[in-house]
>>> print(open('run-v2.txt').read())   # compact mmCIF, C-alpha atoms
# COMPACT_ATOMS: atom_id res chain seq x y z
CA MET A 12 0.00 0.00 0.00
CA ALA A 13 1.39 3.44 -0.97
CA LEU A 14 2.47 5.67 1.89
CA HIS A 15 -0.19 8.31 1.28
CA GLU A 16 -2.87 5.64 1.05
CA GLN A 17 -1.77 4.36 4.47
CA THR A 18 -2.11 7.91 5.76
CA ARG A 19 -5.62 8.30 4.38
CA LYS A 20 -6.76 5.01 5.88
CA ALA A 21 -5.23 5.67 9.31
CA ALA A 22 -6.53 9.23 9.46
CA SER A 23 -9.98 8.06 8.51
CA GLN A 24 -9.95 5.61 11.40
CA ASP A 25 -8.76 8.34 13.77
CA SER A 26 -11.16 11.08 12.88
CA GLY A 27 -14.25 9.44 11.45
CA LYS A 28 -16.33 11.26 8.89
CA ALA A 29 -14.50 14.17 7.19
CA ALA A 30 -15.88 17.66 7.44
CA SER A 31 -17.95 19.15 4.64
CA ASP A 32 -16.03 21.59 2.42
CA ASP A 33 -18.68 24.28 2.73
CA SER A 34 -17.10 27.49 1.41
CA SER A 35 -19.58 29.70 3.20
CA THR A 36 -18.55 28.11 6.50
CA ALA A 37 -14.88 28.65 5.68
CA ALA A 38 -15.54 32.28 4.79
CA SER A 39 -17.15 32.86 8.15
CA GLY A 40 -13.93 31.87 9.93
CA ASP A 41 -15.89 29.58 12.29
CA SER A 42 -13.14 28.06 14.43
CA GLY A 43 -15.61 25.54 15.84
CA ARG A 44 -16.31 23.75 12.56
CA ALA A 45 -15.23 20.15 12.12
CA ALA A 46 -11.87 19.86 10.38
CA SER A 47 -11.19 16.14 10.52
CA ASP A 48 -9.88 15.89 6.95
CA ILE A 49 -7.30 18.69 7.27
CA PRO A 50 -4.69 16.44 8.93
CA THR A 51 -5.26 13.76 6.29
CA ARG A 52 -4.65 16.11 3.36
CA LEU A 53 -1.74 17.76 5.13
CA LEU A 54 0.00 14.43 5.77
CA VAL A 55 -0.50 13.32 2.17
CA TRP A 56 1.13 16.59 1.08
CA TYR A 57 3.96 16.11 3.59
CA ASP A 58 4.68 12.60 2.31
CA LEU A 59 5.34 14.09 -1.11
CA HIS A 60 6.83 17.51 -0.34
CA HIS A 61 8.60 17.33 3.06
CA ARG A 62 11.91 19.10 3.52
CA ASP A 63 15.01 16.94 3.87
CA LEU A 64 16.65 18.04 7.11
CA PRO A 65 19.69 16.44 8.81
CA TRP A 66 17.81 15.71 12.05
CA ARG A 67 14.62 14.45 10.42
CA ILE A 68 13.41 10.94 9.62
CA ALA A 69 11.70 11.06 6.21
CA PRO A 70 8.12 9.71 6.05
CA ARG A 71 9.03 6.71 3.91
CA ALA A 72 11.82 5.73 6.29
CA ALA A 73 9.45 6.14 9.25
CA ALA A 74 6.87 3.95 7.51
CA GLY A 75 9.63 1.34 7.17
CA GLY A 76 10.27 1.36 10.91
CA ALA A 77 12.95 4.04 11.33
CA ARG A 78 12.58 6.12 14.48
CA ALA A 79 13.73 9.63 15.29
CA ASN A 80 16.70 10.02 17.63
CA PRO A 81 15.53 12.04 20.67
CA TYR A 82 19.01 13.54 21.13
CA ARG A 83 19.08 14.87 17.57
CA ILE A 84 15.52 16.20 17.80
CA TRP A 85 16.26 17.94 21.09
CA LEU A 86 19.50 19.43 19.76
CA SER A 87 17.85 20.70 16.58
CA GLU A 88 14.89 22.20 18.41
CA VAL A 89 17.12 24.10 20.85
CA MET A 90 19.21 25.40 17.95
CA LEU A 91 16.12 26.39 15.97
CA GLN A 92 14.75 28.62 18.71
CA GLN A 93 14.80 32.09 17.10
CA THR A 94 17.22 30.90 14.40
CA THR A 95 16.54 29.90 10.78
CA VAL A 96 16.73 26.35 9.48
CA GLU A 97 19.43 27.27 6.97
CA ALA A 98 21.60 28.84 9.67
CA VAL A 99 21.22 25.79 11.91
CA LYS A 100 22.11 23.02 9.44
CA SER A 101 25.89 23.47 9.52
CA TYR A 102 25.96 23.96 13.30
CA PHE A 103 23.88 20.84 13.81
CA ARG A 104 26.18 18.73 11.64
CA ALA A 105 29.26 20.04 13.46
CA PHE A 106 27.73 19.33 16.87
CA VAL A 107 26.72 15.74 16.12
CA GLU A 108 30.10 15.05 14.54
CA LYS A 109 31.86 16.23 17.71
CA TRP A 110 29.27 14.95 20.18
CA PRO A 111 27.16 12.17 18.60
CA ASP A 112 25.04 11.51 21.68
CA VAL A 113 23.97 13.18 24.90
CA GLY A 114 26.67 11.42 26.91
CA ALA A 115 29.41 12.82 24.68
CA LEU A 116 27.96 16.32 24.96
CA ALA A 117 27.76 16.01 28.74
CA ALA A 118 31.42 15.01 28.87
CA ALA A 119 32.52 18.01 26.79
CA PRO A 120 34.03 21.07 28.53
CA THR A 121 31.54 23.93 28.72
CA GLU A 122 34.01 26.25 27.00
CA ASP A 123 34.16 23.92 23.98
CA VAL A 124 30.38 23.89 23.73
CA MET A 125 30.24 27.69 23.89
CA LYS A 126 32.89 27.92 21.16
CA ALA A 127 30.93 25.55 18.92
CA TRP A 128 27.79 27.61 19.55
CA ALA A 129 29.41 30.97 18.68
CA GLY A 130 27.44 32.67 15.91
CA LEU A 131 24.06 31.09 16.70
CA GLY A 132 23.19 33.84 19.19
CA TYR A 133 20.99 33.72 22.29
CA TYR A 134 23.85 32.18 24.25
CA SER A 135 21.77 31.26 27.27
CA ARG A 136 20.53 28.42 25.05
CA ALA A 137 24.04 26.99 24.89
CA ARG A 138 24.41 27.10 28.67
CA ASN A 139 21.02 25.40 29.10
CA LEU A 140 21.96 22.88 26.41
CA LYS A 141 25.00 21.81 28.39
CA ALA A 142 23.06 21.75 31.68
CA CYS A 143 20.35 19.62 30.10
CA ALA A 144 22.88 17.20 28.62
CA ASP A 145 24.56 16.86 32.03
CA LEU A 146 21.26 16.07 33.73
CA VAL A 147 20.03 13.59 31.10
CA ALA A 148 23.39 11.81 31.08
CA SER A 149 23.35 11.55 34.87
CA GLN A 150 19.93 9.90 34.66
CA GLY A 151 20.97 7.17 32.26
CA GLY A 152 21.13 9.08 28.99
CA ARG A 153 17.42 8.75 28.11
CA PHE A 154 15.15 11.69 27.50
CA PRO A 155 11.65 11.65 29.04
CA ASP A 156 9.10 10.56 26.43
CA ASN A 157 6.32 12.99 27.43
CA GLU A 158 5.80 16.73 27.70
CA THR A 159 5.60 16.79 31.50
CA GLY A 160 8.94 15.06 31.96
CA LEU A 161 10.62 17.09 29.25
CA ARG A 162 9.47 20.38 30.79
CA GLU A 163 11.50 19.53 33.90
CA LEU A 164 14.78 19.67 31.95
CA PRO A 165 16.87 22.87 31.74
CA GLY A 166 16.08 25.09 28.78
CA ILE A 167 12.99 23.15 27.65
CA GLY A 168 9.80 25.17 27.61
CA ALA A 169 6.30 24.37 26.40
CA TYR A 170 7.05 24.54 22.68
CA THR A 171 10.27 22.53 22.80
CA ALA A 172 8.72 19.88 25.04
CA ALA A 173 5.78 19.48 22.67
CA ALA A 174 8.08 19.30 19.63
CA ILE A 175 10.31 16.62 21.17
CA ALA A 176 7.35 14.62 22.47
CA ALA A 177 5.64 14.66 19.07
CA ILE A 178 8.60 14.26 16.72
CA ALA A 179 10.85 11.99 18.78
CA PHE A 180 8.19 9.93 20.58
CA ASP A 181 5.10 10.37 18.35
CA ARG A 182 3.00 11.73 21.21
CA PRO A 183 -0.10 13.72 20.17
CA ALA A 184 1.17 17.14 21.26
CA ALA A 185 0.25 20.60 19.98
CA VAL A 186 3.47 21.99 18.47
CA VAL A 187 3.05 25.71 17.81
CA ASP A 188 5.92 27.74 16.39
CA GLY A 189 5.81 30.90 14.28
CA ASN A 190 5.06 28.98 11.10
CA VAL A 191 2.15 27.16 12.73
CA GLU A 192 0.78 30.41 14.19
CA ARG A 193 0.71 31.89 10.71
CA VAL A 194 -1.00 28.84 9.16
CA ILE A 195 -3.69 28.70 11.85
CA SER A 196 -4.24 32.48 11.85
CA ARG A 197 -4.96 32.33 8.12
CA LEU A 198 -6.89 29.09 8.15
CA TYR A 199 -9.38 30.56 10.61
CA SER A 200 -8.98 34.30 9.82
CA ILE A 201 -8.15 35.12 13.44
CA GLU A 202 -8.67 38.85 13.89
CA THR A 203 -7.22 38.98 17.40
CA PRO A 204 -3.64 40.35 17.38
CA LEU A 205 -1.13 37.52 17.49
CA SER A 206 0.29 38.55 20.84
CA GLU A 207 -3.15 37.95 22.38
CA ALA A 208 -4.32 35.09 20.15
CA LYS A 209 -1.78 32.44 21.17
CA PRO A 210 -4.11 30.50 23.55
CA GLU A 211 -6.80 30.40 20.84
CA ILE A 212 -4.29 29.19 18.26
CA ARG A 213 -3.00 26.46 20.56
CA ALA A 214 -6.54 25.25 21.22
CA LEU A 215 -7.20 25.03 17.48
CA VAL A 216 -3.99 23.07 16.90
CA GLU A 217 -4.93 20.68 19.71
CA ARG A 218 -8.19 19.93 17.90
CA LEU A 219 -6.33 19.16 14.67
CA VAL A 220 -3.56 16.89 16.03
CA PRO A 221 -4.24 13.32 14.82
CA GLN A 222 -3.60 10.25 16.95
CA THR A 223 -1.82 8.65 14.01
CA ARG A 224 1.51 10.25 12.97
CA PRO A 225 1.32 13.28 15.26
CA GLY A 226 5.06 13.86 14.82
CA ASP A 227 4.78 14.01 11.06
CA PHE A 228 1.73 16.24 11.42
CA ALA A 229 3.76 18.69 13.53
CA GLN A 230 6.54 18.74 10.95
CA ALA A 231 4.02 19.06 8.12
CA MET A 232 2.53 22.16 9.73
CA MET A 233 6.00 23.66 10.10
CA ASP A 234 6.89 22.83 6.48
CA LEU A 235 3.62 24.25 5.22
CA GLY A 236 4.34 27.57 6.93
CA ALA A 237 7.97 27.61 5.81
CA THR A 238 7.42 26.75 2.14
CA ILE A 239 3.81 27.53 1.16
CA CYS A 240 2.07 29.71 3.77
CA THR A 241 4.96 32.17 3.87
CA PRO A 242 4.77 35.66 5.44
CA LYS A 243 4.87 37.37 2.04
CA ARG A 244 3.40 36.11 -1.23
CA PRO A 245 2.04 32.80 0.08
CA ARG A 246 1.69 30.14 -2.62
CA CYS A 247 -1.97 29.54 -1.89
CA MET A 248 -2.72 27.62 -5.11
CA LEU A 249 -0.30 24.90 -3.95
CA CYS A 250 -1.67 24.67 -0.42
CA PRO A 251 -3.17 21.27 0.47
CA VAL A 252 -5.74 22.86 2.83
CA ARG A 253 -6.67 25.90 0.72
CA GLN A 254 -10.30 24.79 0.44
CA ASP A 255 -10.63 25.24 4.21
CA CYS A 256 -8.73 28.53 4.43
CA SER A 257 -10.99 31.47 5.17
CA ALA A 258 -8.12 33.94 4.63
CA ILE A 259 -7.95 32.88 0.98
CA LEU A 260 -11.67 33.52 0.61
CA SER A 261 -11.22 36.93 2.19
CA GLY A 262 -8.82 37.80 -0.62
CA ASP A 263 -6.00 39.02 1.63
CA PRO A 264 -4.17 36.15 3.35
CA GLU A 265 -1.10 38.32 3.99
CA ARG A 266 -3.15 40.36 6.46
CA PHE A 267 -2.88 37.44 8.88
CA PRO A 268 -1.62 37.01 11.49
CA VAL A 269 -2.76 40.40 12.73
CA ARG A 270 0.01 42.22 14.57
CA LEU A 271 0.11 45.29 16.75
CA PRO A 272 2.43 48.09 15.56
CA LYS A 273 6.02 47.45 16.56
CA ALA A 274 7.55 49.75 19.11
CA ASP A 275 10.89 51.30 18.18
CA LYS A 276 13.85 49.50 19.72
CA PRO A 277 15.80 51.59 22.22
CA LEU A 278 19.33 52.54 21.18
CA ARG A 279 22.15 51.92 23.66
CA ARG A 280 25.71 53.16 23.39
CA GLY A 281 29.05 52.12 24.81
CA ALA A 282 32.69 51.51 23.95
CA ALA A 283 34.85 48.48 23.18
CA PHE A 284 38.61 48.24 23.71
CA VAL A 285 40.74 45.99 21.49
CA ALA A 286 44.23 45.54 22.96
CA GLU A 287 46.79 43.85 20.69
CA ARG A 288 50.21 42.58 21.71
CA GLY A 289 53.21 42.80 19.42
CA ASP A 290 52.97 39.07 18.62
CA GLY A 291 49.40 39.51 17.37
CA ALA A 292 47.63 38.18 20.45
CA ILE A 293 44.40 39.95 21.37
CA LEU A 294 43.48 40.36 25.02
CA LEU A 295 40.09 38.88 25.85
CA ARG A 296 38.04 38.13 28.92
CA LYS A 297 35.04 35.99 29.79
CA ARG A 298 31.70 37.63 30.53
CA PRO A 299 29.77 36.66 33.68
CA ASP A 300 27.78 33.45 33.28
CA LYS A 301 24.47 35.18 33.91
CA GLY A 302 23.02 38.01 31.85
CA LEU A 303 23.34 39.11 28.24
CA LEU A 304 25.97 37.08 26.32
CA GLY A 305 26.62 35.20 29.55
CA GLY A 306 29.71 33.02 29.58
CA MET A 307 30.91 34.29 26.20
CA THR A 308 34.32 35.74 25.34
CA GLU A 309 34.65 39.48 24.78
CA VAL A 310 37.02 42.34 24.37
CA PRO A 311 36.55 44.64 27.36
CA THR A 312 33.62 47.03 27.00
CA THR A 313 31.97 49.66 29.12
CA GLY A 314 28.91 48.89 31.23
CA TRP A 315 26.14 49.01 28.65
CA THR A 316 23.09 46.81 29.05
CA ALA A 317 19.69 46.53 27.42
CA ARG A 318 18.51 49.28 29.77
CA VAL A 319 21.43 51.67 30.23
CA ASP A 320 24.25 53.22 28.20
CA GLY A 321 27.91 52.74 28.95
CA ALA A 322 30.70 55.28 28.69
CA THR A 323 31.83 56.02 25.14
CA THR A 324 35.28 57.59 25.53
CA ALA A 325 38.84 56.31 25.90
CA GLU A 326 38.88 57.50 29.50
CA ALA A 327 36.76 54.43 30.34
CA ALA A 328 39.44 51.98 29.13
CA PRO A 329 40.15 49.02 31.47
CA PHE A 330 43.87 49.93 31.77
CA PRO A 331 46.19 52.73 30.58
CA ALA A 332 47.45 52.48 27.00
CA ASP A 333 47.70 54.57 23.86
CA TRP A 334 44.07 54.05 22.93
CA ARG A 335 43.14 55.33 19.48
CA ARG A 336 39.64 55.47 18.01
CA ALA A 337 39.22 52.75 15.34
CA GLY A 338 35.65 53.44 14.30
CA GLU A 339 32.11 52.60 15.33
CA ILE A 340 30.08 49.42 14.99
CA ALA A 341 26.35 48.77 15.26
CA HIS A 342 24.55 45.62 16.32
CA VAL A 343 20.88 44.79 16.82
CA PHE A 344 19.76 42.52 19.66
CA THR A 345 16.20 41.26 20.11
CA HIS A 346 15.05 44.09 22.34
CA PHE A 347 17.50 46.91 21.64
CA ALA A 348 20.06 48.26 19.22
CA LEU A 349 23.66 48.96 20.22
CA GLU A 350 26.34 51.31 18.93
CA LEU A 351 29.90 50.92 20.19
CA GLU A 352 32.83 53.26 19.81
CA VAL A 353 35.83 51.04 19.15
CA PHE A 354 39.31 51.85 20.47
CA HIS A 355 42.55 50.05 19.60
CA ALA A 356 45.88 49.97 21.41
CA GLN A 357 49.19 48.18 21.00
CA VAL A 358 50.43 46.77 24.31
CA LYS A 359 53.85 45.35 25.14
CA SER A 360 52.70 42.64 27.51
CA ASP A 361 49.63 41.16 29.16
CA ALA A 362 47.27 43.66 30.72
CA PRO A 363 47.62 43.95 34.50
CA ASP A 364 44.02 42.95 35.15
CA GLY A 365 43.87 39.30 36.16
CA HIS A 366 40.54 38.86 34.36
CA PHE A 367 42.32 39.01 31.00
CA TRP A 368 44.20 36.34 29.14
CA SER A 369 45.92 36.39 25.79
CA LEU A 370 45.26 34.31 22.70
CA ALA A 371 48.01 34.06 20.12
CA HIS A 372 46.96 34.99 16.61
CA ASP A 373 44.01 32.69 15.88
CA ILE A 374 40.77 33.63 17.61
CA SER A 375 38.50 32.25 14.87
CA GLY A 376 37.53 29.32 17.09
CA GLU A 377 36.76 31.31 20.21
CA ALA A 378 33.27 31.75 21.66
CA LEU A 379 33.02 35.31 20.39
CA PRO A 380 29.52 36.72 19.86
CA THR A 381 28.96 38.60 16.64
CA VAL A 382 29.05 42.04 18.26
CA MET A 383 32.55 41.32 19.60
CA LYS A 384 33.75 40.06 16.24
CA LYS A 385 32.53 43.31 14.71
CA ALA A 386 34.47 45.33 17.27
CA ILE A 387 37.69 43.37 16.68
CA GLU A 388 37.32 43.62 12.91
CA ALA A 389 36.87 47.39 13.18
CA ALA A 390 40.18 47.64 15.03
CA ILE A 391 42.15 44.87 13.28
CA PRO A 392 40.70 43.92 9.87
CA GLY A 393 40.96 40.17 9.30
CA ALA A 394 41.66 39.35 12.94
CA THR A 395 38.62 37.11 13.39
CA LYS A 396 39.65 34.91 10.46
CA LYS A 397 42.13 32.11 10.96
CA ARG A 398 45.63 33.52 10.72
CA PRO A 399 48.97 31.71 10.40
CA ARG A 400 51.49 32.02 13.20
>>> encode(input="run-v2.txt", output="C-alpha cells")
Amino acid sequence: MALHEQTRKAASQDSGKAASDDSSTAASGDSGRAASDIPTRLLVWYDLHHRDLPWRIAPRAAAGGARANPYRIWLSEVMLQQTTVEAVKSYFRAFVEKWPDVGALAAAPTEDVMKAWAGLGYYSRARNLKACADLVASQGGRFPDNETGLRELPGIGAYTAAAIAAIAFDRPAAVVDGNVERVISRLYSIETPLSEAKPEIRALVERLVPQTRPGDFAQAMMDLGATICTPKRPRCMLCPVRQDCSAILSGDPERFPVRLPKADKPLRRGAAFVAERGDGAILLRKRPDKGLLGGMTEVPTTGWTARVDGATTAEAAPFPADWRRAGEIAHVFTHFALELEVFHAQVKSDAPDGHFWSLAHDISGEALPTVMKKAIEAAIPGATKKRPR
C-alpha cells in the first residue's frame, strides 16, 4: 500500500467522517467547525513535499520502521529557537560530529560547547543545552518521552517539550511555532492580534492533532508555513488545505496574522577596547555566566546593558594604553540596538588585570559573539579569520 494511502486510511480511522467543504462556512472563519480531513490532506502533502533536514526521519523511512533520535531532535529544536533552518544546518552537523550523543555532549568542557555555539546567538541556550545534557546523562542518557517530563529539563519550555514529544516519541502534542501560528491564523482568519491570540491558536492546533503520525503532522505544519504559507506572497494555489482557508476567501491572506504596531527598539551606546600585543595576540576576557551574552568571550567594553548606556570615551578603558579610536560598529539585539565606539591599542605585555588572558593569533575558534567580532574587525581587519602564526 502506498504511503499516502496508508495515511488516508489511518486518518480516517482516527477522525471518522470528514468535514464538509462548505465554502460559506470557511468564509465565516468559524473556528468551531469540524476539520477532521485537514490532517489527512496535510500528511499526504507532507509525504510528497517534506523538507530533507539532517535531524529528520523522512516519512518513507518512518513507515519502514525508522525512528527519530531524541538527542538529535532535542538538539535541533534548541538550535532552531529564534534561528533559521538554513543557519542551523551546519551547526547541527558540526555538533553531532563532535558529540554524537547526549553522553558525549555532557562530557565536553563547557568552553568547547560555547565555542561551537558561537554565531548562533541567544547564548543562554548553549548554557542550558550543556546543563540539560549533564542532567540527562546523569539519569541514564534517556530523554523523558512525554511533555511533562521534558518540561522539567533545563532550557525546555512548552514549545520545545511538545516538539520533542511529538517528533521523537510520536506523542499527540500541539506543536506551535511561528510557522504554525501563521497557518492557523490564516486558516481561521483570526482577527485577534497575534500577541493575544496564542491560547486560541493552541486550542485550534490541539483539535487538529491526529492520533496517528502526530510527529509528522507537527513537521508538516512547520513545512507548510515555511514553504507555502509564507509571510509574504504565500503560494496559496499549492496549499493542500486551501479549500478550508478562510483567509484565501477573504482575498487578503497576507493580512494574517494580525500584529500590533512594533515599538521602536531603544538605542544603547558604549565603547569596546581591542588591545593587541606585538605578537598579534588579542586580550580577551570571559563575561559573567548570567546576563546578556553570559559566559561568552569578549574584548573589554563599558557597562552598557539593554537598559542603560555605557561610557563612550577612551577615559573608560580598562587599563592605561595609547588608545586610538578605530571606528564605530552597530549591532541589533532582540530588544534593543547597540552602537559601540571602538578603540585600539598596542600593548607590550599582558594587561595587568587578572581577568584578562591572551590568545596568540588565531581567535576564529573562540566563543566570540557577533558584536565582539565586529568590534575586533573594526580595530584589526581580518583578525577574526584564521591567521597563520
>>> residues_near_point(input="run-v2.txt", point="(18.3, 17.7, 33.3)", cutoff="6 Å", atoms="all atoms listed in the file", output="PDB file with C-alpha atoms, in the coordinates of the input")
ATOM      1  CA  CYS A 143      20.350  19.620  30.100  1.00  0.00           C
ATOM      2  CA  LEU A 146      21.260  16.070  33.730  1.00  0.00           C
ATOM      3  CA  VAL A 147      20.030  13.590  31.100  1.00  0.00           C
ATOM      4  CA  LEU A 164      14.780  19.670  31.950  1.00  0.00           C
ATOM      5  CA  PRO A 165      16.870  22.870  31.740  1.00  0.00           C
TER       6      PRO A 165
END
>>> closest_residue(input="run-v2.txt", among="A:Val216, A:Leu131, A:Ala69, A:Ala286", to="Ile391 of chain A", atoms="only C-alpha atoms")
A:Ala286
>>> closest_atom_pairs(input="run-v2.txt", of="segment 216-280 of chain A", to="segment 343-352 of chain A", cutoff="6 Å", atoms="all atoms listed in the file", output="tab-separated table")
residue	atom	partner	partner_atom	distance
A:Lys276	CA	A:Phe347	CA	4.9
A:Pro277	CA	A:Phe347	CA	5.0
A:Leu278	CA	A:Ala348	CA	4.8
A:Arg279	CA	A:Leu349	CA	4.8
A:Arg280	CA	A:Glu350	CA	4.9
>>> closest_residue(input="run-v2.txt", among="A:Lys359, A:Arg153, A:Lys100, A:His61", to="Gly289 of chain A", atoms="only C-alpha atoms")
A:Lys359
>>> residues_around(input="run-v2.txt", residues="Trp85 of chain A", least_positions_apart="6", cutoff="10 Å", atoms="only C-alpha atoms", output="mmCIF file with C-alpha atoms, keeping the file's coordinate frame")
data_model
loop_
_atom_site.group_PDB
_atom_site.id
_atom_site.type_symbol
_atom_site.label_atom_id
_atom_site.label_comp_id
_atom_site.auth_asym_id
_atom_site.auth_seq_id
_atom_site.Cartn_x
_atom_site.Cartn_y
_atom_site.Cartn_z
ATOM 1 C CA TRP A 66 17.810 15.710 12.050
ATOM 2 C CA LEU A 91 16.120 26.390 15.970
ATOM 3 C CA VAL A 113 23.970 13.180 24.900
ATOM 4 C CA LEU A 140 21.960 22.880 26.410
ATOM 5 C CA PHE A 154 15.150 11.690 27.500
ATOM 6 C CA LEU A 161 10.620 17.090 29.250
ATOM 7 C CA ILE A 167 12.990 23.150 27.650
ATOM 8 C CA THR A 171 10.270 22.530 22.800
ATOM 9 C CA ALA A 172 8.720 19.880 25.040
ATOM 10 C CA ALA A 174 8.080 19.300 19.630
ATOM 11 C CA ILE A 175 10.310 16.620 21.170
ATOM 12 C CA ALA A 176 7.350 14.620 22.470
ATOM 13 C CA ILE A 178 8.600 14.260 16.720
ATOM 14 C CA ALA A 179 10.850 11.990 18.780
#
>>> residues_near_point(input="run-v2.txt", point="(-6.7, 28.4, 5.2)", cutoff="8 Å", atoms="only C-alpha atoms", output="compact mmCIF listing (two decimals) with C-alpha atoms, keeping the file's coordinate frame")
# COMPACT_ATOMS: atom_id res chain seq x y z
CA VAL A 194 -1.00 28.84 9.16
CA ILE A 195 -3.69 28.70 11.85
CA ARG A 197 -4.96 32.33 8.12
CA LEU A 198 -6.89 29.09 8.15
CA TYR A 199 -9.38 30.56 10.61
CA SER A 200 -8.98 34.30 9.82
CA VAL A 252 -5.74 22.86 2.83
CA ARG A 253 -6.67 25.90 0.72
CA GLN A 254 -10.30 24.79 0.44
CA ASP A 255 -10.63 25.24 4.21
CA CYS A 256 -8.73 28.53 4.43
CA SER A 257 -10.99 31.47 5.17
CA ALA A 258 -8.12 33.94 4.63
CA ILE A 259 -7.95 32.88 0.98
>>> residues_around(input="run-v2.txt", residues="segment 231-238 of chain A", least_positions_apart="2", cutoff="9 Å", atoms="only C-alpha atoms", output="list of chain:residue names")
A:Leu53, A:Leu54, A:Trp56, A:Tyr57, A:Asp58, A:His60, A:His61, A:Arg62, A:Val186, A:Val187, A:Asp188, A:Gly189, A:Asn190, A:Val191, A:Glu192, A:Arg193, A:Val194, A:Gly226, A:Asp227, A:Phe228, A:Ala229, A:Cys240, A:Thr241, A:Pro242, A:Pro245, A:Arg246, A:Cys250, A:Pro251
>>> residues_around(input="run-v2.txt", residues="segment 321-330 of chain A", least_positions_apart="4", cutoff="10 Å", atoms="all atoms listed in the file", output="list in words")
Arg279, Arg280, Gly281, Ala282, Ala283, Phe284, Val285, Ala286, Pro311, Thr312, Thr313, Gly314, Trp315, Thr316, Trp334, Arg335, Arg336, Glu350, Leu351, Glu352, Val353, Phe354, His355, Ala362, Pro363 and Asp364 of chain A
>>> write_last_selection(input="run-v2.txt", atoms="C-alpha atoms", output="mmCIF file, in the frame of the given file")
data_model
loop_
_atom_site.group_PDB
_atom_site.id
_atom_site.type_symbol
_atom_site.label_atom_id
_atom_site.label_comp_id
_atom_site.auth_asym_id
_atom_site.auth_seq_id
_atom_site.Cartn_x
_atom_site.Cartn_y
_atom_site.Cartn_z
ATOM 1 C CA ARG A 279 22.150 51.920 23.660
ATOM 2 C CA ARG A 280 25.710 53.160 23.390
ATOM 3 C CA GLY A 281 29.050 52.120 24.810
ATOM 4 C CA ALA A 282 32.690 51.510 23.950
ATOM 5 C CA ALA A 283 34.850 48.480 23.180
ATOM 6 C CA PHE A 284 38.610 48.240 23.710
ATOM 7 C CA VAL A 285 40.740 45.990 21.490
ATOM 8 C CA ALA A 286 44.230 45.540 22.960
ATOM 9 C CA PRO A 311 36.550 44.640 27.360
ATOM 10 C CA THR A 312 33.620 47.030 27.000
ATOM 11 C CA THR A 313 31.970 49.660 29.120
ATOM 12 C CA GLY A 314 28.910 48.890 31.230
ATOM 13 C CA TRP A 315 26.140 49.010 28.650
ATOM 14 C CA THR A 316 23.090 46.810 29.050
ATOM 15 C CA TRP A 334 44.070 54.050 22.930
ATOM 16 C CA ARG A 335 43.140 55.330 19.480
ATOM 17 C CA ARG A 336 39.640 55.470 18.010
ATOM 18 C CA GLU A 350 26.340 51.310 18.930
ATOM 19 C CA LEU A 351 29.900 50.920 20.190
ATOM 20 C CA GLU A 352 32.830 53.260 19.810
ATOM 21 C CA VAL A 353 35.830 51.040 19.150
ATOM 22 C CA PHE A 354 39.310 51.850 20.470
ATOM 23 C CA HIS A 355 42.550 50.050 19.600
ATOM 24 C CA ALA A 362 47.270 43.660 30.720
ATOM 25 C CA PRO A 363 47.620 43.950 34.500
ATOM 26 C CA ASP A 364 44.020 42.950 35.150
#
>>> atom_distance(input="run-v2.txt", atom1="atom CA of Pro155 of chain A", atom2="atom CA of Ala214 of chain A")
24.0 Å
>>> residues_around(input="run-v2.txt", residues="Tyr133 of chain A", least_positions_apart="3", cutoff="9 Å", atoms="all atoms listed in the file", output="number ranges by chain")
A: 92-93, 136-137, 303-304
>>> write_last_selection(input="run-v2.txt", atoms="C-alpha atoms", output="short mmCIF file (atom, residue, chain, number, x, y, z; two decimals), in the frame of the given file")
data_model
loop_
_atom_site.label_atom_id
_atom_site.label_comp_id
_atom_site.auth_asym_id
_atom_site.auth_seq_id
_atom_site.Cartn_x
_atom_site.Cartn_y
_atom_site.Cartn_z
CA GLN A 92 14.75 28.62 18.71
CA GLN A 93 14.80 32.09 17.10
CA ARG A 136 20.53 28.42 25.05
CA ALA A 137 24.04 26.99 24.89
CA LEU A 303 23.34 39.11 28.24
CA LEU A 304 25.97 37.08 26.32
#
>>> atom_distance(input="run-v2.txt", atom1="atom CA of Asp63 of chain A", atom2="atom CA of Tyr102 of chain A")
16.1 Å
>>> atom_distance(input="run-v2.txt", atom1="atom CA of Arg218 of chain A", atom2="atom CA of Ala185 of chain A")
8.7 Å
>>> closest_residue(input="run-v2.txt", among="A:Gly130, A:Gly291, A:Gly151, A:Pro120", to="Val382 of chain A", atoms="only C-alpha atoms")
A:Gly130
>>> residues_around(input="run-v2.txt", residues="Val269 of chain A", least_positions_apart="6", cutoff="8 Å", atoms="only C-alpha atoms", output="list of chain:residue names")
A:Ile201, A:Glu202, A:Thr203, A:Pro204, A:Leu205
